[in-house]
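Q: Okay, handing you the structure first.
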Amino acid sequence: MIDFNLSENDEKILAGVREEALLCRKYARHYDENEHEFPPDELPEASSWKPSVKRGEPSPEDSSMPVMSMLGIMGRHWGDYSVRLRQDRGGLGNAALSASGTPEQKTRWGGEVLAMAITEPGCGSDPSRVQTSAVLDEETDEWILNGEKIFVTTGCRSTGVVVWATVDKTAGRAGIKSFLIMKGTPGFEVVHKEKKLGIRADDTATLVLRDCRIPRDQLLGGDETVKQKGSGGFRGVMKTFNMTRPAVAAMGLGIAEAALDFTREQLEEAGFEIDYAAATASLPAPVAKFIELEALFEASKLTVLRAAWLAGEARPNNMESSVTKAHAGTAVRRITQGCIDILGPMGISREHLLEKWLRDCRITDIYEGTGQIQRLIIARGLLDYTRAELK
Amino acid sequence: MISFGTTEEQEVVREAMRDFAAQALRPLARKCDEGSAIPDDLLQQIWELGLTSTQIPEAYGGGGEERSPVTNAIVLEELAHGDAALAIAGVVPSLFANAVLDFGTDAQKQALLPAFCGERFHTASLAVVEPGAFFDASRPRTVAEPKGDGFVLSGTKTLVPLADRASHFLVVARNNGGVDAFVVPRDAQGLSIGEAEKNLGLRALHTATLELERVEVGPEARLGGEAGCDVRRLLDGSRTALAAVMTGLSRAVLEYCVPYAKDREAFDEPIARKQAIAFMLADMHIEVEAMRWLTWQAASHLEKCRDASRAAGLARSYAAEKSLWIADNGIQVLGGHGYIREHPVELWFRSARTLGVLEGTVTL
Ligand SMILES: Cc1cc2nc3c(=O)[nH]c(=O)nc-3n(C[C@H](O)[C@H](O)[C@H](O)COP(=O)(O)OP(=O)(O)OC[C@H]3O[C@@H](n4cnc5c(N)ncnc54)[C@H](O)[C@@H]3O)c2cc1C
């Protein structure tokens with residue numbers, strides 16, 4: 001049945017998340033200004049801190065796991081994009097491992113922190129142009145990899161990386177496979193860490209592979225299909241994005257919500273009443289603007305919850321995932337920019353976090369498929385077009 | 001629990017309304033718009049869907065089915081997918097009947113509701129909007145002054161739907177610092193009903209101006225009696241319903257543009273293969289989804305008797321902006337052909353622009 005109310009237990013869980021997030025926010029400015037430092041695996045408070053609200057008993061009224069997971073992500077990012085009481089273990093590469101790895105691979109590498117390296121200097125939006133190569137040395141039963149990967153999130157801090165490489169440059173998408181490479185493998189090196197507009201506490205690295213040899217069984221998903229062209233390799237890795245697109249949207253929305261909450265506080269302090277029932281024409285300009293931004297936020301959040309709800313029902317959500325990312329990508333840009341419009345000098349001052357939130361959430365419309373790429377996916381779905389018909 | 005799951009019954013209703021809108025409403029939309037009128041037998045046909053009477057309790061002669069604002073939002077989206085003006089006309093009777101059901105005293109229900117349970121189309125209407133710029137539904141200028149144990153109503157109302165056929169008007173007015181609604185019969189002394197208004201869009205929907213010149217009504221005219229009526233909640237319902245209509249209209253635009261763009265060729269290929277067009281279509285889809293979920297959220301709050309003002313306000317303002325954007329770009333997808341009255345997109349554009357300024361013309 002259609003319902004938009006959180007259960008008591010849902011509320012308690014999320015209140016705990018927000019409390020913890022607020023604690024992390026105290027450190028947000030520090031790790032933004034000191035880009036060379038990584039936030040610690042555990043904050044000093046980690047051992048003593050407990051949420052003041054206790055979780056209740058689970059009930060049939062509780063929201064599904066994917067829905068709560070999206071709301072949890074929003075809550076954590078509402079505190080800060082990067083700082084955590086205890087750092088999450090696992091990166092995008094772990095998601096790829098659990099989506100496409102063999103049971104053996106999952107047990108062997110499940111405990112590692114795995115980054116995901118697709119992007120190269122020559123290709124981002126179109127990963128079918130990946131140039132990093134993997135050649136099988138039949139004699140030693142090893143893969144030999146060569147190439148350069150850029151913009152790898154957690155490239156420095158991860159213990160291993162899932163790397164996309166082509167086994168057959170003439171085969172396009174069908175030739176692309178993913179490989180697990182652990183740090184310390186000879187020929188595999190982190191050579192550079194980027195300086196960025198925002199999410200500065202996140203490490204974003206360049207990796208180089210020079211005749212890097214890995215055992216044959218480090219091909220993700222096993223190597224039985226390697227010789228067959230057109231196997232499910234590419235599709236397998238693309239599956240990873242099905243829940244990560246809504247998650248990326250949720251991250252951006254958490255930040256946008258922080259900006260809205262801060263702006264609302266300032267408006268209320270200045271004596272403005274936020275009256276949702278009044279006509280736009282009779283509202284003071286800052287309030288009218290604020291309500292417009294709130295509507296944008298609410299709309300975006302509901303697309304995320306819908307995609308997550310579908311996942312919880314085990315129903316396909318490919319188009320819906322792109323809807324979340326495309327919507328949130330533009331929404332969070334407009335929201336944070338609009339909040340600065342409303343607050344003026346306070347909005348750009350580094351005394352407050354609003355200017356940081358503007359910088360941090362700008363990434364939402366870029367990684368995990370830009371807004372344009374999401375629209376391509378949606379348009380192909382609507383028009384029933386193939387990749388070749390619309391690219 | 002956050003859930004977007006429709007019930008089986010809601011899906012059945014949706015299918016039925018989708019078929020009805022496609023067969024009975026869409027084919028007549030252009031003719032009704034050009035003629036600025038809806039034929040009686042079309043209103044009768046809509047009446048026979050039972051949108052109003054089935055949801056009135058048996059005690060007043062109705063079908064006694066539980067009223068679900070969420071289901072009604074689904075119904076409105078489907079009807080408006082056929083045509084917005086015809087959809088609104090079809091639910092004007094419910095606009096009045098639901099207000100009486102939600103806020104009326106038992107005596108008011110006894111007196112007013114049985115008329116809505118007959119076989120023939122019957123309607124009364126709601127008078128919310130006032131003429132001139134900067135109208136704000138939450139701050140009406142029409143005023144009710146006490147006289148004896150009754151009231152004297154003075155003011156002007158505009159965009160009153162189906163004013164030509166309404167037996168009564170529910171007039172929203174300021175009363176002693178608050179806002180209330182008063183039941184005024186069409187033959188009340190001092191009430192004059194103007195000619196059909198000429199508007200940009202929704203031309204098929206008859207609307208008129210009401211002049212209230214010291215209209216005297218008894219205490220029984222105040223909806224809800226001593227307790228009065230929660231006009232804010234009444235407007236929350238109306239705003240959510242408007243958002244549902246805008247969603248249906250927007251979906252109509254999108255579904256018209258998709259096959260058109262695949263078929264129409266320019267520079268050696270279908271225009272749909274140009275990203276400038278394909279991305280417009282993608283954005284239309286994104287926004288139709290977003291406005292539907294905002295509508296459902298507000299409708300669900302209404303259904304569960306939770307405060308819905310914020311959700312309804314956000315749904316209406318968002319849907320108003322986006323439906324206008326969608327209809328506007330619908331014209332762009334068709335180019336010059338979109339500007340010609342042979343295609344429905346210019347009609348949808350005028351409807352969208354008109355819907356954005358309406359209040360109190362639809363209900364859940
Ligand atoms: C902070 C950060 C972290 C990142 N983390 C990772 C990571 O962990 N792993 C990883 O592999 N990558 C990562 N990336 C890379 C990211 O996914 C790419 O930057 C992104 O996919 C865009 O690719 P690009 O930068 O090469 O832009 P390009 O592909 O060069 O695109 C440039 C512009 O052209 C547009 N465009 C491209 N193709 C089309 C088309 N067909 N139609 C219309 N417009 C088009 C794009 O939308 C964009 O606006 C990260 C990037 C950043 C900034």
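In the structure tokens, chains take letters A, B, ... by order of appearance, with residues numbered from 1 within each chain and ligands from 1 in the order shown.
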Output the neighbourhood of ligand 1 as JSON, numbers by chain, that is, all protein and nucleic acid residues with some atom at most 6 Å from the ligand, counting only C-alpha atoms and all ligand atoms.

A: {"A": [116, 117, 118, 119, 123, 124, 125, 151, 152, 153, 204, 366, 367, 368, 369, 370, 372, 373, 391]}

Q: Could you give me, as a PyMOL selection string, the residues within 7 Å of region 295-300 of chain A, counting only C-alpha atoms and dropping anything in the same chain fewer than 4 positions from it?

A: (chain A and resi 291+304+324+327-328+331) or (chain B and resi 290-291+294+314+318)

Q: Taking only C-alpha atoms into account, find every residue of chain A that has an atom no more than 8 Å from chain B, and write it out as a VMD selection string.

A: chain A and resid 1 to 7 61 to 64 67 276 to 279 281 to 282 291 to 292 294 to 296 298 to 300 302 to 303 305 to 306 309 323 326 to 327 372 375 to 376 378 to 379 382 to 383 389 to 390

Q: Would you kindly return, as number ranges by chain, each protein, DNA or RNA residue with an atom no farther than 6 Å from any atom of Ile255 (chain A), considering only C-alpha atoms and excluding same-chain residues fewer than 2 positions away?

A: A: 77-78, 252-253, 257-258

Q: Name the residues in contact with region 101-106 of chain B at a cut-off of 10 Å, using only C-alpha atoms, excluding same-chain residues fewer than 6 positions from it; report them as number ranges by chain.

A: B: 55-57, 94, 112-113, 181, 220-231, 233-234

Q: Restricting it to N, CA and C atoms, dump the selection as a PDB file, in the first residue's frame.

A:
ATOM      1  N   GLN B  55     -18.691   7.169  -3.151  1.00  0.00           N
ATOM      2  CA  GLN B  55     -17.911   7.479  -1.951  1.00  0.00           C
ATOM      3  C   GLN B  55     -18.716   8.202  -0.881  1.00  0.00           C
ATOM      4  N   ILE B  56     -20.014   8.372  -1.138  1.00  0.00           N
ATOM      5  CA  ILE B  56     -20.875   8.977  -0.115  1.00  0.00           C
ATOM      6  C   ILE B  56     -21.473   7.839   0.725  1.00  0.00           C
ATOM      7  N   PRO B  57     -21.486   8.001   2.068  1.00  0.00           N
ATOM      8  CA  PRO B  57     -21.995   6.919   2.924  1.00  0.00           C
ATOM      9  C   PRO B  57     -23.436   6.521   2.576  1.00  0.00           C
ATOM     10  N   SER B  94     -17.771  16.170  -6.804  1.00  0.00           N
ATOM     11  CA  SER B  94     -17.061  15.650  -5.628  1.00  0.00           C
ATOM     12  C   SER B  94     -16.430  16.780  -4.819  1.00  0.00           C
ATOM     13  N   LEU B 112     -27.711  18.081   2.110  1.00  0.00           N
ATOM     14  CA  LEU B 112     -27.037  18.346   0.838  1.00  0.00           C
ATOM     15  C   LEU B 112     -26.594  17.105   0.061  1.00  0.00           C
ATOM     16  N   LEU B 113     -26.270  16.017   0.760  1.00  0.00           N
ATOM     17  CA  LEU B 113     -25.630  14.902   0.051  1.00  0.00           C
ATOM     18  C   LEU B 113     -26.559  14.033  -0.803  1.00  0.00           C
ATOM     19  N   ALA B 181     -16.091  28.437   5.324  1.00  0.00           N
ATOM     20  CA  ALA B 181     -16.785  28.204   4.053  1.00  0.00           C
ATOM     21  C   ALA B 181     -18.289  28.213   4.316  1.00  0.00           C
ATOM     22  N   GLU B 220     -26.981  27.929   9.698  1.00  0.00           N
ATOM     23  CA  GLU B 220     -26.799  26.576   9.139  1.00  0.00           C
ATOM     24  C   GLU B 220     -25.950  26.601   7.867  1.00  0.00           C
ATOM     25  N   ALA B 221     -25.683  27.810   7.331  1.00  0.00           N
ATOM     26  CA  ALA B 221     -24.894  27.906   6.101  1.00  0.00           C
ATOM     27  C   ALA B 221     -23.399  27.733   6.358  1.00  0.00           C
ATOM     28  N   ARG B 222     -22.993  27.976   7.596  1.00  0.00           N
ATOM     29  CA  ARG B 222     -21.555  27.860   7.890  1.00  0.00           C
ATOM     30  C   ARG B 222     -21.160  26.388   7.920  1.00  0.00           C
ATOM     31  N   LEU B 223     -20.289  25.986   7.021  1.00  0.00           N
ATOM     32  CA  LEU B 223     -19.912  24.574   6.937  1.00  0.00           C
ATOM     33  C   LEU B 223     -19.241  24.149   8.239  1.00  0.00           C
ATOM     34  N   GLY B 224     -19.795  23.056   8.824  1.00  0.00           N
ATOM     35  CA  GLY B 224     -19.247  22.577  10.083  1.00  0.00           C
ATOM     36  C   GLY B 224     -19.929  23.212  11.297  1.00  0.00           C
ATOM     37  N   GLY B 225     -20.881  24.096  11.061  1.00  0.00           N
ATOM     38  CA  GLY B 225     -21.604  24.737  12.159  1.00  0.00           C
ATOM     39  C   GLY B 225     -20.679  25.507  13.068  1.00  0.00           C
ATOM     40  N   GLU B 226     -20.905  25.372  14.363  1.00  0.00           N
ATOM     41  CA  GLU B 226     -20.101  26.076  15.369  1.00  0.00           C
ATOM     42  C   GLU B 226     -18.594  25.809  15.176  1.00  0.00           C
ATOM     43  N   ALA B 227     -18.278  24.573  14.852  1.00  0.00           N
ATOM     44  CA  ALA B 227     -16.861  24.177  14.738  1.00  0.00           C
ATOM     45  C   ALA B 227     -16.189  24.809  13.523  1.00  0.00           C
ATOM     46  N   GLY B 228     -16.980  25.174  12.536  1.00  0.00           N
ATOM     47  CA  GLY B 228     -16.411  25.735  11.315  1.00  0.00           C
ATOM     48  C   GLY B 228     -15.738  24.656  10.478  1.00  0.00           C
ATOM     49  N   CYS B 229     -14.958  25.116   9.514  1.00  0.00           N
ATOM     50  CA  CYS B 229     -14.363  24.161   8.584  1.00  0.00           C
ATOM     51  C   CYS B 229     -12.881  24.478   8.450  1.00  0.00           C
ATOM     52  N   ASP B 230     -12.076  23.435   8.335  1.00  0.00           N
ATOM     53  CA  ASP B 230     -10.634  23.631   8.193  1.00  0.00           C
ATOM     54  C   ASP B 230     -10.328  23.923   6.723  1.00  0.00           C
ATOM     55  N   VAL B 231     -10.415  25.200   6.351  1.00  0.00           N
ATOM     56  CA  VAL B 231     -10.253  25.573   4.946  1.00  0.00           C
ATOM     57  C   VAL B 231      -8.854  25.228   4.452  1.00  0.00           C
ATOM     58  N   ARG B 233      -7.131  22.642   5.171  1.00  0.00           N
ATOM     59  CA  ARG B 233      -7.112  21.238   4.767  1.00  0.00           C
ATOM     60  C   ARG B 233      -7.867  21.043   3.447  1.00  0.00           C
ATOM     61  N   LEU B 234      -8.944  21.797   3.301  1.00  0.00           N
ATOM     62  CA  LEU B 234      -9.705  21.757   2.056  1.00  0.00           C
ATOM     63  C   LEU B 234      -8.789  22.138   0.883  1.00  0.00           C
TER      64      LEU B 234
END

Q: Per DSSP on the backbone, filter region 140-246 of chain B down to the residues in strand (DSSP E or B) and report them as a PyMOL selection string.

A: chain B and resi 143-147+150-161+168-175+178-185+191-196+207-217+222

Q: Set the distance at 8 Å and use only C-alpha atoms: which residues neighbour Ile342 (chain A) once local chain neighbours fewer than 5 positions away are removed? I'd like the list as a PyMOL selection string.

A: chain A and resi 263+286+289-290+347

Q: Would you write out those residues with C-alpha atoms, as a PDB file, in the first residue's frame?

A:
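Okay, again39.pdb is ready:
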ATOM      1  CA  THR A 263      19.326  28.263   5.373  1.00  0.00           C
ATOM      2  CA  PRO A 286      13.813  34.684   0.142  1.00  0.00           C
ATOM      3  CA  LYS A 289      12.967  30.927  -3.262  1.00  0.00           C
ATOM      4  CA  PHE A 290      13.495  28.655  -0.282  1.00  0.00           C
ATOM      5  CA  GLY A 347      26.828  31.806   2.064  1.00  0.00           C
TER       6      GLY A 347
END

Q: In Å, how far is it from CA of Ala29 (chain B) to CA of Ile271 (chain B)?

A: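 Calculated distance between CA of Ala29 (chain B) and CA of Ile271 (chain B) is 27.6 Å.
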
Q: Can you pull out every residue from region 14-147 of chain A that DSSP, working from the backbone, puts in helix (DSSP H, G or I), and format the result as a VMD selection string?

A: chain A and resid 14 to 25 28 to 33 44 to 47 65 to 79 92 to 100 103 to 109 127 to 129

Q: Go ahead and save the picked residues with C-alpha atoms, as a tab-separated table (two decimals), in the first residue's frame.

A:
chain	number	residue	atom	x	y	z
A	14	LEU	CA	17.66	7.63	11.41
A	15	ALA	CA	17.78	9.89	14.46
A	16	GLY	CA	20.83	7.92	15.60
A	17	VAL	CA	22.44	8.35	12.19
A	18	ARG	CA	21.87	12.12	12.32
A	19	GLU	CA	23.32	12.43	15.81
A	20	GLU	CA	26.45	10.63	14.75
A	21	ALA	CA	26.60	12.69	11.56
A	22	LEU	CA	26.47	15.92	13.54
A	23	LEU	CA	29.42	14.78	15.59
A	24	CYS	CA	31.40	14.11	12.40
A	25	ARG	CA	30.49	17.52	11.06
A	28	ALA	CA	34.42	18.63	8.33
A	29	ARG	CA	36.22	21.94	7.93
A	30	HIS	CA	39.52	20.59	9.17
A	31	TYR	CA	39.79	17.85	6.55
A	32	ASP	CA	38.62	20.23	3.87
A	33	GLU	CA	41.35	22.75	4.65
A	44	PRO	CA	38.64	10.09	19.08
A	45	GLU	CA	35.00	9.92	20.22
A	46	ALA	CA	34.45	6.49	18.67
A	47	SER	CA	35.05	4.44	21.81
A	65	MET	CA	16.33	-2.39	3.73
A	66	PRO	CA	17.17	-0.55	0.47
A	67	VAL	CA	14.94	2.38	1.43
A	68	MET	CA	16.53	2.64	4.86
A	69	SER	CA	19.95	2.30	3.34
A	70	MET	CA	19.31	5.33	1.08
A	71	LEU	CA	17.95	7.36	4.01
A	72	GLY	CA	20.99	6.31	6.05
A	73	ILE	CA	23.34	7.50	3.30
A	74	MET	CA	21.51	10.81	3.18
A	75	GLY	CA	21.82	11.14	6.95
A	76	ARG	CA	25.55	10.43	7.01
A	77	HIS	CA	26.28	12.83	4.16
A	78	TRP	CA	24.12	15.44	5.83
A	79	GLY	CA	26.83	15.38	8.53
A	92	LEU	CA	33.10	0.66	-5.25
A	93	GLY	CA	35.35	-2.27	-6.09
A	94	ASN	CA	33.75	-4.27	-3.28
A	95	ALA	CA	30.35	-3.71	-4.89
A	96	ALA	CA	31.75	-5.05	-8.17
A	97	LEU	CA	33.21	-8.04	-6.36
A	98	SER	CA	29.91	-8.95	-4.75
A	99	ALA	CA	28.01	-8.43	-8.01
A	100	SER	CA	30.35	-10.33	-10.34
A	103	PRO	CA	32.11	-17.45	-4.53
A	104	GLU	CA	35.79	-18.23	-4.11
A	105	GLN	CA	36.84	-14.69	-5.01
A	106	LYS	CA	34.26	-13.26	-2.64
A	107	THR	CA	35.66	-15.17	0.33
A	108	ARG	CA	39.23	-14.43	-0.64
A	109	TRP	CA	38.93	-10.65	-1.15
A	127	PRO	CA	34.23	3.13	-20.96
A	128	SER	CA	34.07	0.95	-24.06
A	129	ARG	CA	37.16	2.87	-25.20

Q: Pick from A:Met319, A:Ile335, A:Ile348, A:Val83: nearest to Ile377 (chain A), with only C-alpha atoms counted?

A: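 So, comparing all the options, the nearest one is A:Met319.
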